[in-house]
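Okay, model-v2.json is below, JSON, C-alpha atoms:
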```
[["chain", "number", "residue", "atom", "x", "y", "z"],
["A", 15, "MET", "CA", 38.08, 5.38, 38.71],
["A", 16, "GLN", "CA", 37.71, 1.83, 37.38],
["A", 17, "LYS", "CA", 34.57, 1.39, 39.45],
["A", 18, "LYS", "CA", 33.03, 4.60, 38.06],
["A", 19, "ILE", "CA", 33.77, 3.51, 34.51],
["A", 20, "LYS", "CA", 32.12, 0.14, 35.13],
["A", 21, "ILE", "CA", 29.05, 1.84, 36.62],
["A", 22, "PHE", "CA", 28.87, 4.19, 33.62],
["A", 23, "ILE", "CA", 29.10, 1.30, 31.15],
["A", 24, "LEU", "CA", 26.48, -0.65, 33.09],
["A", 25, "ALA", "CA", 24.15, 2.36, 33.02],
["A", 26, "LEU", "CA", 24.57, 2.63, 29.24],
["A", 27, "VAL", "CA", 23.81, -1.07, 28.81],
["A", 28, "ILE", "CA", 20.68, -0.79, 30.98],
["A", 29, "LEU", "CA", 19.54, 2.31, 29.08],
["A", 30, "PHE", "CA", 20.11, 0.64, 25.72],
["A", 31, "GLY", "CA", 18.30, -2.46, 26.90],
["A", 32, "PHE", "CA", 15.35, -0.38, 28.14],
["A", 33, "CYS", "CA", 15.07, 1.46, 24.80],
["A", 34, "PHE", "CA", 15.26, -1.82, 22.88],
["A", 35, "VAL", "CA", 12.58, -3.49, 25.00],
["A", 36, "ARG", "CA", 10.40, -0.36, 24.92],
["A", 37, "ASP", "CA", 10.55, -0.11, 21.11],
["A", 38, "PHE", "CA", 9.96, -3.85, 20.76],
["A", 39, "LEU", "CA", 6.86, -3.66, 22.93],
["A", 40, "VAL", "CA", 5.50, -0.65, 21.01],
["A", 41, "LYS", "CA", 6.11, -2.41, 17.67],
["A", 42, "SER", "CA", 4.34, -5.52, 18.96],
["A", 43, "LEU", "CA", 1.40, -3.45, 20.23],
["A", 44, "ILE", "CA", 0.97, -1.63, 16.91],
["A", 45, "GLY", "CA", 1.12, -4.87, 14.94],
["A", 46, "THR", "CA", -1.33, -6.58, 17.29],
["A", 47, "VAL", "CA", -3.87, -3.74, 17.21],
["A", 48, "VAL", "CA", -3.82, -3.46, 13.39],
["A", 49, "THR", "CA", -4.09, -7.24, 13.04],
["A", 50, "ASN", "CA", -7.03, -7.23, 15.47],
["A", 51, "VAL", "CA", -8.86, -4.57, 13.44],
["A", 52, "THR", "CA", -8.14, -5.95, 9.95],
["A", 53, "GLY", "CA", -7.90, -9.67, 10.64],
["A", 54, "ALA", "CA", -4.75, -9.75, 8.47],
["A", 55, "PRO", "CA", -1.13, -10.36, 9.51],
["A", 56, "THR", "CA", 0.76, -7.11, 10.14],
["A", 57, "ARG", "CA", 4.50, -6.51, 10.49],
["A", 58, "VAL", "CA", 6.33, -3.38, 11.63],
["A", 59, "GLY", "CA", 9.84, -3.06, 10.21],
["A", 60, "GLY", "CA", 11.43, -0.30, 12.28],
["A", 61, "LEU", "CA", 10.44, 2.07, 15.05],
["A", 62, "SER", "CA", 12.01, 5.11, 16.66],
["A", 63, "LEU", "CA", 10.39, 6.64, 19.73],
["A", 64, "SER", "CA", 11.52, 9.92, 21.25],
["A", 65, "ILE", "CA", 10.04, 10.75, 24.64],
["A", 66, "LEU", "CA", 11.72, 14.16, 24.78],
["A", 67, "ARG", "CA", 10.37, 15.21, 21.37],
["A", 68, "GLN", "CA", 7.11, 13.33, 21.96],
["A", 69, "SER", "CA", 7.35, 11.82, 18.50],
["A", 70, "ILE", "CA", 7.43, 8.42, 16.84],
["A", 71, "LYS", "CA", 8.68, 7.20, 13.46],
["A", 72, "ILE", "CA", 7.67, 3.86, 11.96],
["A", 73, "SER", "CA", 9.19, 2.34, 8.84],
["A", 74, "ASN", "CA", 8.08, -0.50, 6.58],
["A", 75, "LEU", "CA", 4.70, -1.32, 8.07],
["A", 76, "LYS", "CA", 3.11, -4.04, 5.95],
["A", 77, "ILE", "CA", -0.37, -5.52, 6.13],
["A", 78, "TYR", "CA", -0.55, -8.87, 4.32],
["A", 79, "ASN", "CA", -3.37, -10.58, 2.46],
["A", 80, "PRO", "CA", -5.94, -12.38, 4.60],
["A", 81, "GLU", "CA", -6.46, -16.14, 4.42],
["A", 82, "GLY", "CA", -7.77, -17.43, 1.08],
["A", 83, "PHE", "CA", -5.62, -15.14, -1.06],
["A", 84, "PRO", "CA", -2.14, -15.42, -2.61],
["A", 85, "ASN", "CA", 0.72, -14.63, -0.27],
["A", 86, "GLY", "CA", 1.71, -11.01, -0.60],
["A", 87, "VAL", "CA", 1.47, -7.50, 0.78],
["A", 88, "LEU", "CA", -1.95, -5.87, 0.78],
["A", 89, "ILE", "CA", -0.80, -2.46, 2.05],
["A", 90, "ASP", "CA", 2.81, -1.25, 1.95],
["A", 91, "ILE", "CA", 3.49, 1.77, 4.16],
["A", 92, "PRO", "CA", 7.18, 2.80, 4.08],
["A", 93, "LYS", "CA", 6.90, 5.83, 6.39],
["A", 94, "ILE", "CA", 4.76, 6.90, 9.32],
["A", 95, "ARG", "CA", 5.53, 9.93, 11.45],
["A", 96, "ALA", "CA", 3.59, 11.21, 14.42],
["A", 97, "SER", "CA", 3.87, 13.86, 17.10],
["A", 98, "GLY", "CA", 1.70, 13.77, 20.16],
["A", 99, "ASN", "CA", 1.05, 14.23, 23.81],
["A", 100, "MET", "CA", 2.87, 11.45, 25.66],
["A", 101, "PHE", "CA", 1.33, 12.50, 28.98],
["A", 102, "ALA", "CA", -2.09, 11.42, 27.66],
["A", 103, "LEU", "CA", -0.86, 7.83, 27.96],
["A", 104, "LEU", "CA", -1.05, 8.21, 31.74],
["A", 105, "GLY", "CA", -4.81, 8.44, 31.32],
["A", 106, "GLY", "CA", -4.92, 5.45, 28.98],
["A", 107, "LYS", "CA", -5.35, 7.54, 25.83],
["A", 108, "VAL", "CA", -3.23, 7.91, 22.68],
["A", 109, "HIS", "CA", -3.32, 11.56, 21.62],
["A", 110, "LEU", "CA", -1.53, 12.43, 18.37],
["A", 111, "LYS", "CA", -1.39, 16.07, 17.39],
["A", 112, "GLN", "CA", -0.37, 15.12, 13.84],
["A", 113, "LEU", "CA", -0.02, 11.84, 11.96],
["A", 114, "ASP", "CA", 1.70, 11.71, 8.56],
["A", 115, "LEU", "CA", 1.36, 8.46, 6.62],
["A", 116, "GLU", "CA", 2.76, 7.62, 3.18],
["A", 117, "ILE", "CA", 1.35, 4.57, 1.40],
["A", 118, "LYS", "CA", 3.51, 3.16, -1.38],
["A", 119, "GLU", "CA", 0.99, 0.64, -2.69],
["A", 120, "ILE", "CA", -2.32, -1.06, -2.04],
["A", 121, "SER", "CA", -2.75, -4.43, -3.76],
["A", 122, "MET", "CA", -6.40, -5.28, -4.43],
["A", 123, "VAL", "CA", -6.70, -8.99, -5.26],
["A", 124, "LYS", "CA", -9.72, -10.91, -6.56],
["A", 125, "ASN", "CA", -9.22, -14.65, -6.06],
["A", 126, "LYS", "CA", -10.50, -17.48, -8.28],
["A", 127, "LYS", "CA", -13.78, -17.53, -6.34],
["A", 128, "GLY", "CA", -14.39, -13.87, -7.16],
["A", 129, "LYS", "CA", -13.76, -12.62, -3.62],
["A", 130, "LEU", "CA", -11.75, -9.46, -2.93],
["A", 131, "ASN", "CA", -9.02, -9.30, -0.31],
["A", 132, "VAL", "CA", -10.09, -5.83, 0.86],
["A", 133, "ASP", "CA", -13.68, -7.01, 1.32],
["A", 134, "SER", "CA", -12.49, -10.11, 3.18],
["A", 135, "LEU", "CA", -10.84, -8.09, 5.93],
["A", 136, "LYS", "CA", -12.40, -8.27, 9.36],
["A", 137, "ILE", "CA", -13.09, -4.53, 9.36],
["A", 138, "ALA", "CA", -15.13, -4.85, 6.14],
["A", 139, "ASN", "CA", -17.60, -7.30, 7.66],
["A", 140, "ASP", "CA", -20.41, -6.80, 10.16],
["A", 141, "GLN", "CA", -19.84, -6.08, 13.81],
["A", 142, "ALA", "CA", -20.44, -9.66, 14.90],
["A", 143, "ASP", "CA", -17.81, -11.02, 12.51],
["A", 144, "ARG", "CA", -15.35, -8.36, 13.60],
["A", 145, "GLU", "CA", -15.42, -9.38, 17.24],
["A", 146, "GLU", "CA", -12.66, -11.67, 18.45],
["A", 147, "ALA", "CA", -13.81, -15.24, 19.07],
["A", 148, "LYS", "CA", -11.54, -15.58, 22.09],
["A", 149, "LYS", "CA", -9.87, -12.79, 24.01],
["A", 150, "PRO", "CA", -10.15, -9.45, 22.22],
["A", 151, "VAL", "CA", -7.17, -7.14, 22.36],
["A", 152, "LYS", "CA", -8.15, -4.02, 24.23],
["A", 153, "GLN", "CA", -7.58, -1.00, 22.04],
["A", 154, "PRO", "CA", -6.48, 2.26, 23.61],
["A", 155, "ALA", "CA", -8.63, 5.37, 23.32],
["A", 156, "LEU", "CA", -7.42, 7.39, 20.34],
["A", 157, "GLN", "CA", -7.47, 11.05, 19.33],
["A", 158, "ILE", "CA", -5.72, 12.31, 16.19],
["A", 159, "ASP", "CA", -6.01, 16.05, 15.60],
["A", 160, "ILE", "CA", -4.64, 16.12, 12.03],
["A", 161, "PHE", "CA", -4.12, 13.09, 9.77],
["A", 162, "ASN", "CA", -2.17, 13.62, 6.52],
["A", 163, "LEU", "CA", -2.56, 10.75, 4.05],
["A", 164, "GLY", "CA", -0.28, 10.29, 1.02],
["A", 165, "MET", "CA", -0.87, 7.54, -1.54],
["A", 166, "GLY", "CA", 1.17, 6.23, -4.46],
["A", 167, "ARG", "CA", -0.75, 3.61, -6.42],
["A", 168, "VAL", "CA", -3.36, 0.85, -6.36],
["A", 169, "VAL", "CA", -2.49, -2.47, -8.04],
["A", 170, "SER", "CA", -5.50, -4.59, -9.00],
["A", 171, "LYS", "CA", -4.99, -8.32, -9.68],
["A", 172, "ASP", "CA", -7.96, -10.36, -10.89],
["A", 173, "TYR", "CA", -7.43, -14.16, -10.77],
["A", 174, "SER", "CA", -11.10, -15.00, -11.42],
["A", 175, "SER", "CA", -10.98, -15.06, -15.23],
["A", 176, "GLY", "CA", -8.01, -17.34, -15.96],
["A", 177, "VAL", "CA", -4.66, -18.76, -14.94],
["A", 178, "GLU", "CA", -2.89, -15.43, -15.38],
["A", 179, "PRO", "CA", -4.39, -12.49, -13.47],
["A", 180, "VAL", "CA", -5.64, -9.34, -15.15],
["A", 181, "ILE", "CA", -3.40, -6.62, -13.75],
["A", 182, "LYS", "CA", -4.30, -2.93, -13.65],
["A", 183, "VAL", "CA", -2.26, -0.22, -11.97],
["A", 184, "TYR", "CA", -3.87, 3.05, -10.90],
["A", 185, "ALA", "CA", -1.45, 5.92, -10.26],
["A", 186, "VAL", "CA", -3.54, 7.69, -7.62],
["A", 187, "ASN", "CA", -1.01, 10.25, -6.33],
["A", 188, "LEU", "CA", -3.41, 11.16, -3.56],
["A", 189, "LYS", "CA", -2.76, 13.67, -0.79],
["A", 190, "LYS", "CA", -5.47, 14.44, 1.75],
["A", 191, "SER", "CA", -5.71, 15.76, 5.26],
["A", 192, "TYR", "CA", -8.35, 14.95, 7.86],
["A", 193, "LYS", "CA", -9.06, 16.12, 11.36],
["A", 194, "ASN", "CA", -10.55, 14.59, 14.49],
["A", 195, "ILE", "CA", -9.93, 10.86, 14.06],
["A", 196, "VAL", "CA", -11.26, 9.14, 17.18],
["A", 197, "SER", "CA", -10.82, 5.38, 16.68],
["A", 198, "VAL", "CA", -8.44, 2.83, 15.17],
["A", 199, "GLN", "CA", -11.28, 1.51, 12.98],
["A", 200, "GLN", "CA", -11.86, 5.00, 11.64],
["A", 201, "LEU", "CA", -8.17, 5.41, 10.84],
["A", 202, "VAL", "CA", -7.81, 2.02, 9.12],
["A", 203, "ALA", "CA", -11.01, 2.57, 7.11],
["A", 204, "LEU", "CA", -9.62, 5.84, 5.76],
["A", 205, "ILE", "CA", -6.25, 4.30, 4.91],
["A", 206, "ILE", "CA", -7.85, 1.49, 2.90],
["A", 207, "SER", "CA", -10.94, 3.08, 1.36],
["A", 208, "GLU", "CA", -9.75, 6.54, 0.34],
["A", 209, "PRO", "CA", -7.09, 5.42, -2.19],
["A", 210, "LEU", "CA", -9.52, 2.88, -3.69],
["A", 211, "LYS", "CA", -12.16, 5.60, -4.08],
["A", 212, "ALA", "CA", -9.60, 7.90, -5.71],
["A", 213, "ALA", "CA", -8.73, 5.11, -8.17],
["A", 214, "GLY", "CA", -12.39, 5.03, -9.21],
["A", 215, "ILE", "CA", -12.99, 1.48, -7.96],
["A", 216, "GLN", "CA", -16.68, 1.06, -7.16],
["A", 217, "GLY", "CA", -18.96, -1.27, -5.24],
["A", 218, "LEU", "CA", -16.61, -2.33, -2.45],
["A", 219, "LYS", "CA", -17.92, -3.50, 0.90],
["A", 220, "MET", "CA", -15.11, -1.49, 2.51],
["A", 221, "TYR", "CA", -16.86, 1.76, 1.59],
["A", 222, "GLY", "CA", -19.66, 0.96, 4.00],
["A", 223, "VAL", "CA", -17.21, 0.73, 6.88],
["A", 224, "SER", "CA", -17.04, 4.52, 7.02],
["A", 225, "MET", "CA", -20.61, 4.51, 8.33],
["A", 226, "LEU", "CA", -20.06, 1.56, 10.70],
["A", 227, "ALA", "CA", -16.86, 3.02, 12.10],
["A", 228, "GLY", "CA", -18.25, 6.54, 12.26],
["A", 229, "VAL", "CA", -15.81, 7.98, 9.74],
["A", 230, "ALA", "CA", -16.85, 11.57, 9.48],
["A", 231, "ALA", "CA", -13.47, 13.25, 9.28],
["A", 232, "LEU", "CA", -13.54, 16.56, 7.49],
["A", 233, "PRO", "CA", -11.03, 16.90, 4.63],
["A", 234, "VAL", "CA", -9.14, 20.15, 5.19],
["A", 235, "VAL", "CA", -6.77, 19.81, 2.22],
["A", 236, "ALA", "CA", -7.10, 17.70, -0.90],
["A", 237, "ALA", "CA", -4.69, 17.48, -3.79],
["A", 238, "PHE", "CA", -4.99, 15.04, -6.67],
["A", 239, "THR", "CA", -2.73, 14.50, -9.65],
["A", 240, "LEU", "CA", -4.92, 13.46, -12.58],
["A", 241, "THR", "CA", -3.68, 13.02, -16.13],
["A", 242, "GLY", "CA", -5.26, 12.07, -19.43],
["A", 243, "LYS", "CA", -2.21, 10.14, -20.61],
["A", 244, "ASP", "CA", -2.83, 6.85, -22.36],
["A", 245, "HIS", "CA", 0.64, 5.50, -21.74],
["A", 246, "ALA", "CA", 3.13, 4.39, -19.12],
["A", 247, "GLN", "CA", 6.85, 4.82, -19.61],
["A", 248, "GLU", "CA", 9.90, 3.56, -17.76],
["A", 249, "THR", "CA", 13.61, 3.08, -18.39],
["A", 250, "PHE", "CA", 15.17, -0.27, -17.48],
["A", 251, "ASN", "CA", 18.85, -0.99, -16.98],
["A", 252, "VAL", "CA", 18.84, -3.95, -19.36],
["A", 253, "SER", "CA", 19.79, -4.57, -22.97],
["A", 254, "TRP", "CA", 17.37, -3.85, -25.79],
["A", 255, "GLN", "CA", 17.08, -7.59, -26.57],
["A", 256, "ARG", "CA", 16.26, -8.51, -23.00],
["A", 257, "ALA", "CA", 13.65, -5.75, -22.76],
["A", 258, "TYR", "CA", 12.06, -6.92, -26.01],
["A", 259, "ASP", "CA", 11.90, -10.56, -24.91],
["A", 260, "ALA", "CA", 10.48, -9.59, -21.50],
["A", 261, "GLY", "CA", 7.91, -7.28, -23.09],
["A", 262, "LEU", "CA", 6.78, -9.98, -25.51],
["A", 263, "SER", "CA", 6.45, -12.50, -22.68],
["A", 264, "ALA", "CA", 4.53, -10.03, -20.51],
["A", 265, "LEU", "CA", 2.04, -9.26, -23.29],
["A", 266, "LYS", "CA", 1.52, -12.96, -24.07],
["A", 267, "LYS", "CA", 0.67, -13.59, -20.42],
["A", 268, "ALA", "CA", -1.54, -10.50, -20.20],
["A", 269, "GLY", "CA", -3.49, -10.99, -23.42],
["A", 270, "VAL", "CA", -3.11, -11.82, -27.13],
["A", 271, "VAL", "CA", -0.24, -10.56, -29.27],
["A", 272, "LYS", "CA", -1.56, -9.39, -32.66],
["A", 273, "SER", "CA", 1.73, -8.41, -34.32],
["A", 274, "GLU", "CA", 5.38, -7.78, -33.60],
["A", 275, "ASP", "CA", 8.08, -5.93, -35.48],
["A", 276, "LYS", "CA", 11.40, -6.71, -33.88],
["A", 277, "ALA", "CA", 13.32, -4.43, -36.24],
["A", 278, "SER", "CA", 11.43, -1.36, -35.01],
["A", 279, "GLY", "CA", 10.84, -2.67, -31.48],
["A", 280, "ILE", "CA", 7.05, -2.47, -31.67],
["A", 281, "ILE", "CA", 4.58, -5.08, -30.37],
["A", 282, "ASN", "CA", 0.79, -4.79, -30.69],
["A", 283, "ALA", "CA", -1.56, -6.75, -28.47],
["A", 284, "VAL", "CA", -5.04, -6.87, -26.97],
["A", 285, "VAL", "CA", -5.19, -6.94, -23.16],
["A", 286, "ASP", "CA", -8.56, -7.25, -21.42],
["A", 287, "GLY", "CA", -10.31, -5.90, -24.53],
["A", 288, "VAL", "CA", -7.93, -2.93, -24.82],
["A", 289, "ASP", "CA", -5.54, -2.22, -27.72],
["A", 290, "VAL", "CA", -2.00, -2.07, -26.36],
["A", 291, "THR", "CA", 1.22, -1.04, -28.10],
["A", 292, "LEU", "CA", 4.71, -1.58, -26.72],
["A", 293, "LYS", "CA", 7.57, 0.51, -28.09],
["A", 294, "LEU", "CA", 11.26, 0.18, -27.27],
["A", 295, "LYS", "CA", 13.97, 2.80, -27.48],
["A", 296, "LYS", "CA", 17.63, 1.91, -27.00],
["A", 297, "ASN", "CA", 19.44, 4.46, -24.84],
["A", 298, "SER", "CA", 22.68, 2.52, -24.47],
["A", 299, "ALA", "CA", 23.99, -1.04, -24.38],
["A", 300, "ASN", "CA", 22.35, -1.59, -20.96],
["A", 301, "SER", "CA", 19.56, 0.99, -20.90],
["A", 302, "THR", "CA", 16.23, 0.65, -22.70],
["A", 303, "GLU", "CA", 13.20, 2.92, -22.57],
["A", 304, "VAL", "CA", 9.84, 1.14, -22.71],
["A", 305, "THR", "CA", 6.61, 2.93, -23.59],
["A", 306, "ILE", "CA", 3.25, 1.17, -23.28],
["A", 307, "SER", "CA", 0.17, 2.87, -24.70],
["A", 308, "ALA", "CA", -3.36, 1.56, -24.20],
["A", 309, "ARG", "CA", -6.67, 2.70, -25.65],
["A", 310, "LYS", "CA", -10.17, 1.30, -25.98],
["A", 311, "PHE", "CA", -11.72, 2.99, -28.98],
["A", 312, "ILE", "CA", -10.67, 6.62, -28.40],
["A", 313, "PHE", "CA", -10.50, 6.41, -24.62],
["A", 314, "PRO", "CA", -7.14, 6.16, -22.83],
["A", 315, "GLN", "CA", -6.64, 3.23, -20.45],
["A", 316, "PRO", "CA", -3.57, 4.20, -18.38],
["A", 317, "GLU", "CA", -4.29, 1.53, -15.74],
["A", 318, "ILE", "CA", -3.88, -1.19, -18.40],
["A", 319, "ALA", "CA", -0.66, 0.38, -19.70],
["A", 320, "SER", "CA", 0.74, 0.58, -16.17],
["A", 321, "GLY", "CA", -0.35, -3.01, -15.59],
["A", 322, "VAL", "CA", 1.78, -4.18, -18.52],
["A", 323, "ILE", "CA", 4.75, -2.23, -17.13],
["A", 324, "TYR", "CA", 4.11, -3.98, -13.79],
["A", 325, "ARG", "CA", 4.26, -7.38, -15.54],
["A", 326, "LEU", "CA", 7.37, -6.34, -17.43],
["A", 327, "LYS", "CA", 9.15, -5.56, -14.16],
["A", 328, "GLU", "CA", 8.26, -9.02, -12.87],
["A", 329, "GLU", "CA", 9.69, -10.58, -16.04],
["A", 330, "LEU", "CA", 12.95, -8.67, -15.58],
["A", 331, "ARG", "CA", 13.48, -9.69, -11.94]]
```

Here is a file; write its structure as structure tokens.
Amino acid sequence: MQKKIKIFILALVILFGFCFVRDFLVKSLIGTVVTNVTGAPTRVGGLSLSILRQSIKISNLKIYNPEGFPNGVLIDIPKIRASGNMFALLGGKVHLKQLDLEIKEISMVKNKKGKLNVDSLKIANDQADREEAKKPVKQPALQIDIFNLGMGRVVSKDYSSGVEPVIKVYAVNLKKSYKNIVSVQQLVALIISEPLKAAGIQGLKMYGVSMLAGVAALPVVAAFTLTGKDHAQETFNVSWQRAYDAGLSALKKAGVVKSEDKASGIINAVVDGVDVTLKLKKNSANSTEVTISARKFIFPQPEIASGVIYRLKEELR
């Protein structure tokens, strides 16, 4: 009996070790392939692979800024889910019947030299620049039947005009579905370019990658959430005084404060040529609602308002 128990425990240890090594190797492969395509460091947080269900779940995949830009995450992808045909691997091909990907945030950074991080990626440059100088990593053949892309927001940081960056936040709320993805380049180009297009950002080199990579996926479903609001609003678990001080500091860094009325909790400023108003509302001793409105003439500028909220969060960290 003792011998059988020992054999059983040993089998469990071997099985656990195999699963750990298997998942580690898959995580390493995914990170290596994405890094090879983008030229930017990539990290995979967690991975769960089920051979019986022929599915895979990836959590906290992050692509970081390329060299020449501030340290930080370029693309934050909290969740990836896929179901596929595992037997296709025997023929050296990755076949996914469905891929669901949720992007939390894309950070588009312009450095002091006026260069963009997204346009400095390897995939955004010509074919010669995208080839590995040494030993290229061989990429498996890929087939994705349905690709569902979800997107939260695009954060734009422009360091070219001063010490403090101009920050704009675009709430994209994009949901799209594509079919017949046939290469890693095609997939990465969609992940990066589609949210930037939806945010209305123009003139990026990345947009030309769709032609180079052969991106011709047909959208089968598209759903956008567009609003005409000129404001951004959020409740913070801090005192009214702390929220006021943080808001004042954020506006001074972002632009020029024109007036402040501490009694009413209102601050007026100009940020990147846009009139901005911050209003505070005390909910409780440790809860304050902050509303930022932004307009240029009569036109709402929600990306500026959301950018001030973004700065305010950094002040309150």

Using only C-alpha atoms, what does the table of range 83-201 of chain A residues within 6 Å of range 47-52 of chain A look like, with each row giving the shortest atom pair and its distance in Å to one decimal, sorted by chain and ascending number, as CSV?
```
residue,atom,partner,partner_atom,distance
A:Leu135,CA,A:Thr52,CA,5.3
A:Lys136,CA,A:Thr52,CA,4.9
A:Ile137,CA,A:Thr52,CA,5.2
```

Residues just named, written with C-alpha atoms as a CSV table (one decimal), in the frame of the given file:
```
chain,number,residue,atom,x,y,z
A,135,LEU,CA,-10.8,-8.1,5.9
A,136,LYS,CA,-12.4,-8.3,9.4
A,137,ILE,CA,-13.1,-4.5,9.4
```

Å distance separating CA of Val186 in chain A from CA of Val123 in chain A, one decimal place: 17.1 Å

Straight-line distance linking CA of Arg67 in chain A with CA of Gly166 in chain A, stated in Å to one decimal: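 Value for the CA of Arg67 in chain A-CA of Gly166 in chain A distance: 28.9 Å.
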
As a list in words, please: the residues near Asn99 in chain A (cut-off 10 Å, only C-alpha atoms, same-chain neighbours under 5 positions excluded). Ile65, Arg67, Gln68, Ser69, Lys107, Val108, His109, Leu110 and Lys111 of chain A

From the list A:Asn125, A:Gln199, A:Leu88, A:Val180, which residue is nearest Ala155 in chain A when using all atoms listed in the file?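 Distance minimum relative to Ala155 in chain A lands on A:Gln199.
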
So that I can see what lies close to range 313-327 of chain A, please list as a ChimeraX atom specification the residues with an atom at most 9 Å from it, counting only C-alpha atoms and leaving out residues fewer than 3 positions away in the same chain. /A:169-170,180-185,242-248,250,257,260-265,267-268,285-286,288,290-291,304-310,330-331

Mind giving me the straight-line distance from CA of Ile160 in chain A to CA of Gly59 in chain A in Å, one decimal?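 Answer for the CA of Ile160 in chain A to CA of Gly59 in chain A separation: 24.1 Å.
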
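A search radius of 10 Å centred on (-5.3, 11.7, 8.0), applied to all atoms listed in the file, returns the residues Gln112, Leu113, Asp114, Leu115, Ile158, Asp159, Ile160, Phe161, Asn162, Leu163, Gly164, Lys189, Lys190, Ser191, Tyr192, Lys193, Asn194, Ile195, Leu201, Leu204, Ile205, Ala231, Leu232, Pro233 and Val234 of chain A.
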
Counting only C-alpha atoms, figure out which residue out of A:Val132, A:Met122, A:Val168, A:Ala203 gets nearest to Asn187 in chain A.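 Nearest to Asn187 in chain A: A:Val168.
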
Pick from A:Val252, A:Gly287, A:Leu294, A:Val177 nearest to Phe311 in chain A, counting all atoms listed in the file: A:Gly287
